[in-house]
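Just below is one structure, and these are the notes that go with it.
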Amino acid sequence: MKRMLALGAVVWLVAALPCARAQVHVSKGAGQKSSISLAGFVSGSSAAATAFRRTLESDLQRSGWFAVVPGSAEFAIQGSCEDSGASLNVACRVFETATADRYLSKSYRAESAGARRLAHQVSDEIVYALTGRKGFASARLVVVGRKTGHKELYLCDSDGQGLVQLTRDNSISLAPKWSPDGRLLVYTSYLKRYPDVYAVEVGSGSRRRLFSFPGLNTCAEIAPNGRDVAVVLSKDGSPELYAGSLSGGSPVRITRTPRAAEASPSWSPDGGQIVYVSDQSGTPQLYITTRDGAAPRRLTSRGSENVAPDWGSGGLIAFTTRVGGRYQVCVVNPTTLELRQITADDADYEDPSWAPDGRHIACGRTRQHRSSIYLLDTMGDPPLALLDIPGDWFSPAWSSK
Amino acid sequence: MHSRRWVAVVMVGLVCAVAFTGCKRKPRKGAMLGDNVGGVTGTDVYGEGLADRFGEGRSEVAGQFTPVYFDYDSAQINESERGKLDQVADYLRRNAAGGMVVEGHCDERGSNEYNLGLGERRALAIRSYLVQSGVDAARLQTKSFGEERPVAAGHDEGSWSQNRRGEFVLVQ
């Protein structure tokens, strides 16, 4: 296992190197997956048991750490999945084949209807047991969909399955973000004709309006402390960045750029800093400031547009850059300024959001005027379609970074 | 010649604005001599707080005025568009009742969230021009739609140039 951890660390360090060198190493790193097999895992033929097994397999594959193979492998998953009709009983043991070392041995029980959710949980536990890293199979995505002709919010699982419509406002719903505890979403809606910021409880669906000042109210993101909210308001005569609160009160102005617009704030993992977009230089670029607005520092220097930053739990910032007339996703280390472009094909990739594993990124992808949600791997696996069904899909955000 | 007439219009406008608003919203000093009037020659926008929103349930009339068009990633009001704004200002000065929502729109390219800010800056630039042409700031609201409400559905400059616009909605 130590070997595996060390490999992970090496791959990650290499992947964090800038530009051309990284690309070569990354493709090598991506090829160095550990093989894992479910050959010794017995599951019934019921719909729930089949769903469990299929979901577990595809989750392990999507985690990026494993190649799921049919025969013998470095790691073996043994056990069973039995469907009693009402409930699923799962026993799961994970061994390293060569040493017979056991990394996980656990039993689970869930309603048969929750087979897929249980598989997501088991996958994350296997990933954690073997790599020491958090998985993202149990995380959920909020996305904006235009299936009905109006932009509404939808929720889906980490594999793009289980899509449900959250808002039915026949208005325009935009820019959704989760609270750190995953119970709340903040987003922008024209429900009362002007762009205002709302908070909705995911469980109950109850909703309240958080910011409705004259002009623009948008781009809200809740801080890691679960109380503060970074938000863009134009009430003082120009779109500026503010720090407000979920519990009300007067938002505190952070930026003072009467000749420029601010957008897309994202909190650092410790909540001490905010990365955001400003066009004060003439083009939209990324800046970093503190909560009290002390000395904003320009982060991006190249390119005509650097937008939509998302500060991940691993400390890296994902964002969109315009290069060669297309939008591509990049990752930058805000301390060393090491920069890597993650996508590079003839599609537009926008609005990146870090998955909780700190390795993958969900984003919107538009090609030939069709928009869908894709999963990117910063360690070099090719982009993967998560939500590519009729209708256009935008602005994904992962629950818990 | 043209620019002198322009300065004169602005000066008259400023006098009117001050007279009608009772100095509640002083025009920015820097804008007085036409060096940065309402985002006309620079990227300046009116730097004071916005008036409260109109109450609900009031009737809205769109399409009475010609939209104002903008360059890519710009909130600057082009010379060619001033005449349209003068007509709007003239109407509002002669019809003292009611207010106006100035809508800012963008083309589909670029970040959705950034375009909300850009659209707002376009609306604010128009608002600033109207205020400095003598319209009471309390009668004007800005509303950005970002890239959400295109009028032309194509994916080329022909459509994009029509979508980068400011629109006017009269509120009674």
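Residues are named by chain letter and number: chains run A, B, ... in the order of the structure tokens, numbers start at 1 in each chain, and ligands are numbered from 1 in the order shown.
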
Can you check which residues of segment 76-140 of chain A DSSP gives as alpha helix (DSSP H) on the backbone and send them as a compact mmCIF listing (two decimals) with C-alpha atoms, in the first residue's frame?
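Writing the result to selection06.txt gives the following:
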# COMPACT_ATOMS: atom_id res chain seq x y z
CA ALA A 115 -28.48 0.35 -4.57
CA ARG A 116 -26.67 2.96 -6.62
CA ARG A 117 -26.14 5.28 -3.68
CA LEU A 118 -24.72 2.39 -1.63
CA ALA A 119 -22.34 1.53 -4.48
CA HIS A 120 -21.09 5.16 -4.49
CA GLN A 121 -20.38 4.87 -0.76
CA VAL A 122 -18.58 1.54 -1.09
CA SER A 123 -16.51 2.88 -3.99
CA ASP A 124 -15.39 5.89 -1.95
CA GLU A 125 -14.46 3.63 0.96
CA ILE A 126 -12.41 1.36 -1.32
CA VAL A 127 -10.66 4.38 -2.87
CA TYR A 128 -9.87 5.74 0.59
CA ALA A 129 -8.67 2.37 1.90
CA LEU A 130 -6.29 1.82 -1.01
CA THR A 131 -5.06 5.35 -1.78

### Message
Please identify all residues of chain B having at least one atom at most 10 Å from any atom of chain A, considering only C-alpha atoms, and return them as a VMD selection string.
### Response
chain B and resid 39 42 to 54 56 73 to 75 109 to 121 123 to 125 128 141 to 145 148 to 149 154 to 155

Those same residues, written as a tab-separated table (two decimals), in the first residue's frame with C-alpha atoms?
chain	number	residue	atom	x	y	z
B	39	GLY	CA	-18.62	55.89	-20.78
B	42	GLY	CA	-13.60	56.06	-21.72
B	43	THR	CA	-14.96	53.24	-19.65
B	44	ASP	CA	-16.29	55.44	-16.91
B	45	VAL	CA	-19.67	54.73	-15.44
B	46	TYR	CA	-21.74	56.71	-13.03
B	47	GLY	CA	-20.07	56.01	-9.71
B	48	GLU	CA	-22.85	56.71	-7.26
B	49	GLY	CA	-25.38	54.44	-5.60
B	50	LEU	CA	-28.41	53.20	-7.50
B	51	ALA	CA	-31.95	54.32	-6.69
B	52	ASP	CA	-34.43	51.90	-5.13
B	53	ARG	CA	-36.21	49.51	-7.44
B	54	PHE	CA	-39.65	50.34	-8.75
B	56	GLU	CA	-44.15	45.66	-8.19
B	73	ASP	CA	-16.17	43.04	-24.29
B	74	SER	CA	-16.85	46.79	-24.09
B	75	ALA	CA	-19.27	48.97	-22.14
B	109	ARG	CA	-19.16	34.18	-26.01
B	110	GLY	CA	-17.28	34.06	-22.76
B	111	SER	CA	-18.09	33.44	-19.15
B	112	ASN	CA	-21.73	33.51	-18.22
B	113	GLU	CA	-20.98	35.12	-14.87
B	114	TYR	CA	-18.60	37.72	-16.25
B	115	ASN	CA	-21.17	38.61	-18.90
B	116	LEU	CA	-23.67	39.44	-16.16
B	117	GLY	CA	-21.23	42.09	-14.94
B	118	LEU	CA	-20.47	43.30	-18.46
B	119	GLY	CA	-24.18	43.62	-19.24
B	120	GLU	CA	-24.67	45.61	-16.04
B	121	ARG	CA	-21.81	47.93	-16.99
B	123	ALA	CA	-26.74	49.39	-18.65
B	124	LEU	CA	-24.90	51.63	-16.17
B	125	ALA	CA	-23.07	53.45	-18.98
B	128	SER	CA	-24.98	57.56	-16.75
B	141	GLN	CA	-33.15	51.13	-13.06
B	142	THR	CA	-30.50	48.89	-14.55
B	143	LYS	CA	-30.97	45.20	-15.29
B	144	SER	CA	-28.33	42.91	-16.75
B	145	PHE	CA	-29.36	39.80	-18.63
B	148	GLU	CA	-29.33	35.00	-21.43
B	149	ARG	CA	-31.64	36.91	-23.80
B	154	GLY	CA	-26.92	32.65	-34.91
B	155	HIS	CA	-23.38	31.89	-33.83

### Task
For segment 109-112 of chain A, please output as a list in words all residues within 7 Å (counting only C-alpha atoms; exclusion window: fewer than 3 positions along the same chain).
Ala48, Asp83, Gly85, Ala86, Ser87, Leu88, Asn89, Val90, Ala115 and Leu118 of chain A

### Task
Please run DSSP on the backbone and report, as a PyMOL selection string, all residues within segment 13-211 of chain A that come out as strand (DSSP E).
chain A and resi 34-37+41-43+66-69+75-83+87-96+102-111+140-145+152-157+164-165+173-178+184-189+196-201+207-211

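Counting from atom CA of Thr97 of chain A, the distance to atom CA of Ser34 of chain A is 11.5 Å.
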
## Note on the structure
In Å and to one decimal, atom CA of Gly162 of chain A is distant from atom CA of Val143 of chain A by 12.6 Å

#### Entry: Selection near Gln87 of chain B, 12 Å with only C-alpha atoms, sequence-local residues under 2 positions removed, as a ChimeraX atom specification
/B:64-68,81-85,89-94,129-130,133,135,168

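Omitting segment 91-94 of chain A and its sequence neighbours fewer than 3 positions away, and counting only C-alpha atoms, the residues within 7 Å are Phe75, Ala76, Ile77, Gln78, Gly79, Ser80, Cys81, Arg102, Tyr103, Leu104, Ser105, Lys106, Ser107 and Tyr108 of chain A.
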
Keeping only N, CA, C and O atoms, write the selected residues as a compact mmCIF listing (two decimals), in the first residue's frame.
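As written to disk, selection-v9.txt reads:
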# COMPACT_ATOMS: atom_id res chain seq x y z
N PHE A 75 -5.27 -5.93 -7.03
CA PHE A 75 -6.19 -5.89 -5.89
C PHE A 75 -7.45 -6.68 -6.23
O PHE A 75 -7.92 -6.64 -7.37
N ALA A 76 -7.99 -7.38 -5.26
CA ALA A 76 -9.18 -8.20 -5.48
C ALA A 76 -10.29 -7.76 -4.52
O ALA A 76 -10.05 -7.57 -3.33
N ILE A 77 -11.47 -7.58 -5.08
CA ILE A 77 -12.64 -7.30 -4.25
C ILE A 77 -13.44 -8.59 -4.15
O ILE A 77 -13.83 -9.18 -5.17
N GLN A 78 -13.64 -9.05 -2.94
CA GLN A 78 -14.41 -10.28 -2.73
C GLN A 78 -15.62 -9.96 -1.87
O GLN A 78 -15.68 -8.93 -1.21
N GLY A 79 -16.56 -10.89 -1.87
CA GLY A 79 -17.75 -10.69 -1.06
C GLY A 79 -19.00 -10.96 -1.86
O GLY A 79 -18.97 -11.68 -2.86
N SER A 80 -20.10 -10.36 -1.42
CA SER A 80 -21.37 -10.67 -2.08
C SER A 80 -22.35 -9.52 -1.96
O SER A 80 -22.22 -8.66 -1.09
N CYS A 81 -23.31 -9.54 -2.85
CA CYS A 81 -24.41 -8.58 -2.81
C CYS A 81 -25.70 -9.36 -2.95
O CYS A 81 -25.95 -9.97 -3.99
N ARG A 102 -5.11 -7.29 3.81
CA ARG A 102 -6.51 -6.88 3.69
C ARG A 102 -6.64 -5.39 3.98
O ARG A 102 -6.13 -4.90 4.97
N TYR A 103 -7.31 -4.68 3.13
CA TYR A 103 -7.45 -3.22 3.28
C TYR A 103 -8.84 -2.78 3.70
O TYR A 103 -9.02 -1.67 4.19
N LEU A 104 -9.82 -3.65 3.47
CA LEU A 104 -11.19 -3.28 3.84
C LEU A 104 -11.98 -4.55 4.07
O LEU A 104 -11.84 -5.53 3.33
N SER A 105 -12.79 -4.55 5.11
CA SER A 105 -13.70 -5.67 5.33
C SER A 105 -14.92 -5.11 6.03
O SER A 105 -14.85 -4.72 7.19
N LYS A 106 -16.02 -5.05 5.33
CA LYS A 106 -17.16 -4.34 5.88
C LYS A 106 -18.46 -4.88 5.31
O LYS A 106 -18.50 -5.35 4.17
N SER A 107 -19.53 -4.80 6.12
CA SER A 107 -20.85 -5.19 5.64
C SER A 107 -21.74 -3.96 5.57
O SER A 107 -21.61 -3.03 6.38
N TYR A 108 -22.63 -3.97 4.62
CA TYR A 108 -23.52 -2.83 4.42
C TYR A 108 -24.93 -3.34 4.21
O TYR A 108 -25.15 -4.44 3.70

### Message
Just want the 8 Å neighbourhood of Cys330 of chain A, counted on only C-alpha atoms, with same-chain residues fewer than 6 positions away dropped. Output as a ChimeraX atom specification.
### Response
/A:318-321,339-343

### Task
Work out how far apart atom CA of Pro390 of chain A and atom CA of Ala347 of chain A are and give it in Å to one decimal.
17.7 Å
